[in-house]
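A.B. asks: Got coords.txt for you, compact mmCIF, C-alpha atoms:
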# COMPACT_ATOMS: atom_id res chain seq x y z
CA MET A 429 34.57 23.61 2.11
CA ASN A 430 35.35 19.88 2.25
CA PHE A 431 32.91 17.05 1.66
CA GLN A 432 32.15 16.45 5.31
CA GLU A 433 31.18 20.09 5.86
CA LYS A 434 28.71 19.92 2.98
CA GLN A 435 26.81 17.14 4.73
CA VAL A 436 25.41 19.15 7.67
CA TRP A 437 21.90 18.73 6.22
CA ASN A 438 21.99 15.02 7.07
CA PRO A 439 21.97 14.12 10.80
CA LEU A 440 22.42 10.41 9.99
CA TYR A 441 25.56 10.97 7.94
CA THR A 442 29.04 9.66 8.79
CA TYR A 443 32.04 10.09 6.50
CA ILE A 444 33.11 6.59 5.40
CA HIS A 445 36.29 5.71 3.51
CA LEU A 446 36.84 2.02 2.76
CA THR A 447 40.34 0.92 1.76
CA GLN A 448 41.36 -2.00 -0.44
CA CYS A 449 42.53 -4.08 2.53
CA TRP A 450 39.71 -6.37 3.71
CA ASP A 451 40.90 -6.43 7.33
CA LYS A 452 40.91 -2.63 7.41
CA ARG A 453 37.48 -2.47 5.77
CA LYS A 454 36.13 -4.88 8.37
CA GLN A 455 37.67 -2.83 11.18
CA ILE A 456 36.04 0.36 9.89
CA LEU A 457 32.61 -1.27 9.48
CA VAL A 458 32.64 -2.88 12.93
CA GLY A 459 33.84 0.34 14.53
CA LEU A 460 30.86 2.29 13.19
CA GLN A 461 28.12 -0.10 14.32
CA ASP A 462 27.28 1.29 17.76
CA GLU A 463 27.46 4.89 16.53
CA LYS A 464 25.12 4.28 13.61
CA LEU A 465 22.51 2.37 15.63
CA THR A 466 22.54 4.88 18.48
CA SER A 467 22.27 7.93 16.22
CA ALA A 468 19.38 6.24 14.40
CA ILE A 469 17.36 5.90 17.59
CA GLN A 470 18.24 9.39 18.77
CA TYR A 471 17.18 11.00 15.51
CA VAL A 472 13.90 9.11 15.27
CA GLN A 473 13.07 9.96 18.87
CA ALA A 474 13.70 13.66 18.27
CA ARG A 475 11.85 13.66 14.96
CA SER A 476 8.71 11.99 16.32
CA GLN A 477 8.54 13.44 19.83
CA HIS A 478 5.43 15.51 19.01
CA LEU A 479 3.73 12.88 16.83
CA ASP A 480 1.01 10.40 17.74
CA LEU A 481 2.70 7.11 16.89
CA ALA A 482 -0.68 5.37 16.75
CA ARG A 483 -1.42 7.29 13.55
CA ARG A 484 0.26 7.18 10.18
CA HIS A 485 2.47 10.12 9.30
CA ARG A 486 4.40 11.14 6.21
CA SER A 487 6.46 14.25 5.42
CA GLU A 488 8.91 15.07 2.65
CA ASP A 489 11.15 17.90 1.47
CA ARG A 490 12.78 18.13 -1.96
CA TYR A 491 15.29 20.84 -2.74
CA GLU A 492 18.67 21.72 -4.24
CA ASP A 493 21.51 22.40 -1.84
CA SER A 494 23.98 25.26 -2.16
CA ASP A 495 25.89 23.30 -4.81
CA GLY A 496 22.79 22.64 -6.90
CA VAL A 497 22.61 18.97 -5.87
CA PHE A 498 19.13 17.41 -5.74
CA CYS A 499 18.15 16.31 -2.22
CA CYS A 500 15.12 14.55 -0.75
CA ASN A 501 14.45 14.14 2.97
CA ARG A 502 11.58 11.90 4.04
CA PHE A 503 10.09 10.69 7.32
CA GLU A 504 7.30 8.15 7.80
CA VAL A 505 5.45 6.46 10.63
CA ASN A 506 3.52 3.28 9.85
CA GLN A 507 1.87 0.61 11.97
CA LEU A 508 1.55 -3.15 11.55
CA VAL A 509 -1.48 -4.17 13.58
CA GLY A 510 -2.21 -7.61 14.99
CA VAL A 511 1.21 -9.18 14.43
CA ARG A 512 2.49 -12.03 16.57
CA SER A 513 5.77 -10.44 17.63
CA MET A 514 8.12 -7.60 16.80
CA LYS A 515 10.95 -10.12 16.38
CA GLU A 516 8.96 -11.66 13.55
CA VAL A 517 8.56 -8.28 11.84
CA TYR A 518 12.27 -7.63 12.27
CA GLU A 519 13.19 -10.94 10.64
CA ALA A 520 10.83 -10.14 7.76
CA ALA A 521 12.53 -6.77 7.26
CA LYS A 522 15.94 -8.45 7.25
CA PHE A 523 14.72 -10.89 4.62
CA PHE A 524 13.51 -7.99 2.48
CA LEU A 525 16.85 -6.19 2.70
CA THR A 526 18.70 -9.39 1.88
CA ASN A 527 16.72 -9.58 -1.36
CA VAL A 528 16.22 -5.87 -1.97
CA GLU A 529 17.42 -5.99 -5.57
CA ILE A 530 14.77 -8.59 -6.46
CA SER A 531 11.97 -6.68 -4.74
CA THR A 532 13.04 -3.40 -6.36
CA THR A 533 13.14 -4.93 -9.81
CA GLU A 534 9.76 -6.64 -9.49
CA ALA A 535 7.82 -3.84 -7.78
CA LEU A 536 9.37 -0.65 -9.15
CA GLY A 537 10.49 -1.69 -12.60
CA HIS A 538 14.13 -0.81 -11.95
CA ILE A 539 16.50 -3.48 -13.23
CA THR A 540 18.62 -3.64 -10.10
CA VAL A 541 21.72 -5.70 -9.42
CA ARG A 542 23.48 -6.13 -6.09
CA GLU A 543 27.25 -6.40 -6.30
CA ASP A 544 29.96 -7.42 -3.86
CA TYR A 545 27.89 -8.14 -0.78
CA ASP A 546 30.15 -8.54 2.25
CA SER A 547 28.67 -9.70 5.54
CA ILE A 548 30.39 -9.61 8.90
CA GLY A 549 29.44 -11.94 11.73
CA ASP A 550 27.30 -15.05 11.82
CA ASP A 551 24.13 -13.03 12.35
CA GLY A 552 24.75 -10.78 9.33
CA SER A 553 24.24 -7.68 11.46
CA ILE A 554 26.88 -5.74 9.50
CA GLY A 555 27.13 -5.63 5.74
CA SER A 556 28.33 -3.62 2.79
CA PHE A 557 27.14 -3.82 -0.80
CA ARG A 558 26.59 -1.88 -4.01
CA LEU A 559 23.34 -1.48 -5.94
CA ILE A 560 23.28 -0.67 -9.66
CA SER A 561 19.85 0.28 -11.08
CA ALA A 562 18.74 0.96 -14.65
CA ARG A 563 15.84 3.41 -14.39
CA PRO A 564 12.88 3.72 -16.80
CA SER A 565 14.12 7.25 -17.61
CA GLY A 566 17.25 5.74 -19.11
CA ILE A 567 19.70 6.81 -16.43
CA VAL A 568 21.73 4.36 -14.37
CA THR A 569 22.19 4.93 -10.64
CA GLU A 570 24.73 3.45 -8.28
CA SER A 571 24.81 3.23 -4.50
CA ASN A 572 27.56 1.98 -2.23
CA LYS A 573 26.04 1.17 1.14
CA VAL A 574 26.86 -0.04 4.61
CA LEU A 575 24.08 -1.69 6.61
CA TYR A 576 23.66 -2.32 10.32
CA ASN A 577 20.80 -4.07 12.10
CA ARG A 578 20.15 -5.30 15.59
CA TYR A 579 17.28 -6.44 17.79
CA PHE A 580 17.38 -5.16 21.37
CA ASP A 581 15.45 -6.94 24.12
CA HIS A 582 15.65 -3.63 25.96
CA HIS A 583 17.31 -0.29 25.18
CA GLU A 584 18.13 2.48 27.63
CA LEU A 585 17.21 5.23 25.14
CA LEU A 586 13.69 3.81 25.01
CA GLY A 587 13.12 3.35 28.71
CA GLU A 588 14.40 -0.25 28.58
CA ARG A 589 11.69 -1.20 26.09
CA PRO A 590 12.50 -3.61 23.23
CA CYS A 591 13.21 -2.28 19.77
CA ALA A 592 14.72 -3.24 16.42
CA VAL A 593 16.98 -0.89 14.50
CA MET A 594 18.26 -0.88 10.94
CA ALA A 595 20.59 1.84 9.71
CA THR A 596 22.25 2.36 6.35
CA ASP A 597 24.68 4.97 5.11
CA SER A 598 26.62 5.63 1.93
CA VAL A 599 30.33 5.11 1.40
CA ASP A 600 32.00 8.38 0.41
CA ARG A 601 35.16 6.80 -0.95
CA ASP A 602 35.81 3.17 -1.78
CA ASP A 603 39.32 2.38 -2.98
CA LEU A 604 38.23 -1.08 -4.07
CA HIS A 605 35.04 -0.02 -5.88
CA PRO A 606 35.29 3.62 -7.02
CA TYR A 607 32.23 5.46 -8.30
CA ASP A 608 31.67 5.95 -12.04
CA PRO A 609 30.58 9.61 -12.45
CA LYS A 610 30.92 9.52 -16.25
CA SER A 611 28.02 7.12 -16.80
CA ARG A 612 26.10 6.80 -13.52
CA VAL A 613 24.20 9.00 -11.09
CA ARG A 614 25.51 8.44 -7.60
CA LEU A 615 22.82 8.09 -4.95
CA ASP A 616 23.97 8.85 -1.43
CA VAL A 617 21.32 7.57 0.97
CA SER A 618 21.38 7.66 4.74
CA ALA A 619 18.36 5.93 6.22
CA THR A 620 17.09 4.31 9.36
CA LEU A 621 14.20 2.09 10.35
CA VAL A 622 13.26 1.84 14.02
CA MET A 623 10.64 -0.61 15.29
CA THR A 624 8.89 -0.42 18.64
CA GLU A 625 5.83 -2.24 19.93
CA VAL A 626 2.64 -1.19 21.66
CA GLY A 627 -0.44 -3.04 22.81
CA ARG A 628 -3.80 -1.52 22.01
CA ARG A 629 -7.38 -2.59 22.44
CA LYS A 630 -8.92 -4.35 19.49
CA ARG A 631 -11.36 -2.13 17.67
CA LYS A 632 -14.92 -3.41 17.71
CA HIS A 633 -17.08 -3.44 14.61
CA GLY A 634 -18.25 0.09 13.85
CA GLU A 635 -15.98 1.69 16.41
CA ARG A 636 -14.16 4.86 15.45
CA PRO A 637 -10.31 4.73 15.43
CA GLN A 638 -10.01 7.47 18.06
CA ASP A 639 -12.14 5.38 20.44
CA SER A 640 -10.07 2.20 20.24
CA GLY A 641 -7.71 3.19 23.05
CA SER A 642 -10.19 4.97 25.27
CA GLU A 643 -10.97 2.14 27.65
CA ALA A 644 -8.83 -0.31 29.52
CA GLY A 645 -9.34 -3.89 28.49
CA SER A 646 -8.08 -7.35 29.33
CA CYS A 647 -5.04 -8.90 27.68
CA GLU A 648 -7.39 -10.92 25.49
CA ASP A 649 -8.86 -7.66 24.18
CA GLU A 650 -5.47 -6.29 23.12
CA GLU A 651 -3.47 -6.86 19.97
CA LEU A 652 0.19 -6.20 19.33
CA THR A 653 1.03 -3.29 17.05
CA VAL A 654 4.53 -2.70 15.73
CA VAL A 655 5.31 0.94 15.00
CA ILE A 656 7.79 1.40 12.15
CA GLN A 657 9.49 4.77 11.83
CA CYS A 658 11.53 5.37 8.68
CA ALA A 659 13.82 8.32 7.96
CA THR A 660 15.57 8.80 4.62
CA PHE A 661 18.06 11.40 3.42
CA LEU A 662 18.83 11.13 -0.29
CA LYS A 663 21.29 13.03 -2.44
CA ALA A 664 21.67 12.50 -6.22
CA LEU A 665 25.11 13.45 -7.48
CA ALA A 666 25.65 13.68 -11.23
CA PRO A 667 28.67 15.96 -11.73
CA GLU A 668 29.43 14.73 -15.25
CA ILE A 669 25.93 13.84 -16.49
CA ASP A 670 23.09 16.12 -17.53
CA VAL A 671 20.04 14.76 -15.70
CA HIS A 672 16.58 16.26 -16.24
CA THR A 673 14.61 17.40 -13.19
CA ASP A 674 11.83 14.91 -13.99
CA ALA A 675 14.33 12.06 -13.72
CA LEU A 676 15.51 13.31 -10.33
CA ASN A 677 11.94 13.58 -9.06
CA ALA A 678 11.33 10.04 -10.30
CA ILE A 679 14.22 8.91 -8.13
CA ALA A 680 12.61 10.57 -5.11
CA ASP A 681 9.26 8.98 -6.01
CA GLY A 682 11.01 5.62 -6.09
CA THR A 683 12.31 6.22 -2.57
CA ALA A 684 8.76 6.77 -1.35
CA SER A 685 7.53 3.68 -3.20
CA TRP A 686 10.37 1.63 -1.76
CA VAL A 687 8.92 1.98 1.76
CA LYS A 688 5.52 0.79 0.51
CA VAL A 689 7.16 -2.21 -1.14
CA MET A 690 9.04 -3.03 2.05
CA LEU A 691 5.90 -2.91 4.20
CA GLN A 692 3.99 -5.11 1.79
CA SER A 693 6.89 -7.57 1.65
CA ILE A 694 6.93 -7.72 5.45
CA ARG A 695 3.20 -8.45 5.52
CA ASP A 696 3.56 -11.15 2.86
CA PHE A 697 6.47 -12.74 4.73
CA ILE A 698 4.54 -12.82 8.02
CA ASN A 699 1.37 -14.17 6.43
CA ALA A 700 3.34 -16.99 4.84
CA LEU A 701 4.60 -18.24 8.22
So that I can check it, write out the structure of this file as structure tokens.
C.D. replies:
Amino acid sequence: MNFQEKQVWNPLYTYIHLTQCWDKRKQILVGLQDEKLTSAIQYVQARSQHLDLARRHRSEDRYEDSDGVFCCNRFEVNQLVGVRSMKEVYEAAKFFLTNVEISTTEALGHITVREDYDSIGDDGSIGSFRLISARPSGIVTESNKVLYNRYFDHHELLGERPCAVMATDSVDRDDLHPYDPKSRVRLDVSATLVMTEVGRRKRKHGERPQDSGSEAGSCEDEELTVVIQCATFLKALAPEIDVHTDALNAIADGTASWVKVMLQSIRDFINAL
């Protein structure tokens, strides 16, 4: 069984091999953009089709695959209520990802360094970078990521409604920056963040949450809510390192905390405007 066949558990996964030639690397990254953004929306739509997006939701599975590799799959739905625009929330999320190593270090206690960030295009909608993190447990993790983001004024998969999409995946093989299995745990993470917007009636003082959408109101009575759906598929590969189960669970806990940190950073960014 080859590496691609082992990845059937991850619907957001694409096999990625980056060569040493920059022009070829750029060609590969650009060629994947539409596929990654489209699959992100399709998966989130399928995953949340029976959920009430006006309510928070969180689910998680942790397990070992057939090769004994630790895996964590997570899905969340959160809402930012009373924001000025979804574009503003999107820009805040981009700012967070641009400085993710700083936020991770400050909020989670992981000494994290970003290496070799390559951005394609003036809008920075395509990027590749590596993250090296020293964990409190003593282990060092490494991730080699590609990142795509785009704001859509309307998207056919969402009934021509606006949305913002961010999608990241892991590089399987990088001829320029090979993994270091002798001293680091490799974290393969495929993740997506999809934003949509809804208008809902402002809740009056003392009103129950389930009543807030029960009556039609004027535009002045409505506030904009941005729904943020996050899906994460994590795999911790340590073929040459003995890693305790507690350390692996701590990595999964950090993934959950990372979403909380991101949401708080978005709120702080918006409030500072």
A.B. asks: Can you work out the spacing between atom CA of A:Lys573 and atom CA of A:Thr624 in Å, to one decimal?
C.D. replies: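 If I compute the distance from atom CA of A:Lys573 to atom CA of A:Thr624, I get 24.6 Å.
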A.B. asks: Between atom CA of A:Glu570 and atom CA of A:Arg612, what is the distance, to one decimal in Å?
C.D. replies: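 The value is 6.4 Å.
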A.B. asks: Got a sec: who's within 9 Å of A:Thr620, counting all atoms listed in the file, leaving out chain neighbours fewer than 5 positions off, as a PDB file with C-alpha atoms, keeping the file's coordinate frame?
C.D. replies:
ATOM      1  CA  LEU A 440      22.420  10.410   9.990  1.00  0.00           C
ATOM      2  CA  LEU A 465      22.510   2.370  15.630  1.00  0.00           C
ATOM      3  CA  ALA A 468      19.380   6.240  14.400  1.00  0.00           C
ATOM      4  CA  ILE A 469      17.360   5.900  17.590  1.00  0.00           C
ATOM      5  CA  VAL A 472      13.900   9.110  15.270  1.00  0.00           C
ATOM      6  CA  VAL A 593      16.980  -0.890  14.500  1.00  0.00           C
ATOM      7  CA  MET A 594      18.260  -0.880  10.940  1.00  0.00           C
ATOM      8  CA  ALA A 595      20.590   1.840   9.710  1.00  0.00           C
ATOM      9  CA  THR A 596      22.250   2.360   6.350  1.00  0.00           C
ATOM     10  CA  ASP A 597      24.680   4.970   5.110  1.00  0.00           C
ATOM     11  CA  GLN A 657       9.490   4.770  11.830  1.00  0.00           C
ATOM     12  CA  CYS A 658      11.530   5.370   8.680  1.00  0.00           C
ATOM     13  CA  ALA A 659      13.820   8.320   7.960  1.00  0.00           C
ATOM     14  CA  THR A 660      15.570   8.800   4.620  1.00  0.00           C
TER      15      THR A 660
END
A.B. asks: Need the shell around stretch 534-536 of chain A: protein/DNA/RNA residues with any atom at most 10 Å away, counting all atoms listed in the file. Skip same-chain ones fewer than 3 positions apart. Format as a short mmCIF file (atom, residue, chain, number, x, y, z; two decimals) with C-alpha atoms, keeping the file's coordinate frame?
C.D. replies:
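around17.cif, written as the output of this step:
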data_model
loop_
_atom_site.label_atom_id
_atom_site.label_comp_id
_atom_site.auth_asym_id
_atom_site.auth_seq_id
_atom_site.Cartn_x
_atom_site.Cartn_y
_atom_site.Cartn_z
CA VAL A 528 16.22 -5.87 -1.97
CA GLU A 529 17.42 -5.99 -5.57
CA ILE A 530 14.77 -8.59 -6.46
CA SER A 531 11.97 -6.68 -4.74
CA ILE A 539 16.50 -3.48 -13.23
CA THR A 540 18.62 -3.64 -10.10
CA ARG A 563 15.84 3.41 -14.39
CA PRO A 564 12.88 3.72 -16.80
CA GLY A 682 11.01 5.62 -6.09
CA THR A 683 12.31 6.22 -2.57
CA SER A 685 7.53 3.68 -3.20
CA TRP A 686 10.37 1.63 -1.76
CA LYS A 688 5.52 0.79 0.51
CA VAL A 689 7.16 -2.21 -1.14
CA MET A 690 9.04 -3.03 2.05
#
A.B. asks: What is the distance, in Å and to one decimal place, between atom CA of A:Pro667 and atom CA of A:Arg614?
C.D. replies: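 These atoms are spaced 9.1 Å apart.
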A.B. asks: With distances taken over only C-alpha atoms, which of A:Val622, A:Leu662, A:Ala520, A:Val509 is nearest to A:Tyr576?
C.D. replies: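 For A:Tyr576, the nearest of the candidates is A:Val622.
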A.B. asks: Taking only C-alpha atoms into account, which of A:Ile456, A:Leu615, A:Leu652, A:Ala678 comes nearest A:Val517?
C.D. replies: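 Closest to A:Val517 of all the choices is A:Leu652.
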A.B. asks: Need to verify the contact set: A:Gly552, 12 Å, only C-alpha atoms, exclusion of same-chain residues closer than 4 positions in sequence. Can you return it as a ChimeraX atom specification?
C.D. replies: /A:458,519,522-523,525-526,545-548,556,574-578,594
